[in-house]
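Notes follow the structure.
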Amino acid sequence: MASSIGKKVGMALTGLVVYGFLVGHLVGNFLLFKDDGGGQFNAYSTFLTEHPLLVPIELGLLAAFLLHIYL
């Protein structure tokens, strides 16, 4: 990624990853507004905390965020 075009492509891709994370989290948090006593939101939060790939995904997200800032 030495060229300016390569840097722009890298920034665009990492930006899409971060944007996708934010939209996904927003959709999950909107589950609070469902009229089910918080059942869906509790299931969502349980899924997030018990997912076996949580740490690798968080590290990948951190890497994408830092690379985006660097580029």
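So you can find residues: chains in the structure tokens are A, B, ... in the order shown, residues in each start at 1, and ligands are numbered from 1 in order.
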
Problem set entry | Spatial neighbours of range 42-48 of chain A, 12 Å, only C-alpha atoms, chain gap at least 2 places, as a PyMOL selection string | chain A and resi 24-32+34+36-40+50-55+57-58

For this session: Quick one: pull the distance between CA of Phe65 in chain A and CA of Gly6 in chain A, Å, one decimal.
Result: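 One can read the CA of Phe65 in chain A to CA of Gly6 in chain A distance as 16.9 Å.
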
For this session: State, in Å with one decimal place, the distance from CA of Ala63 in chain A to CA of Leu22 in chain A.
Result: 15.3 Å
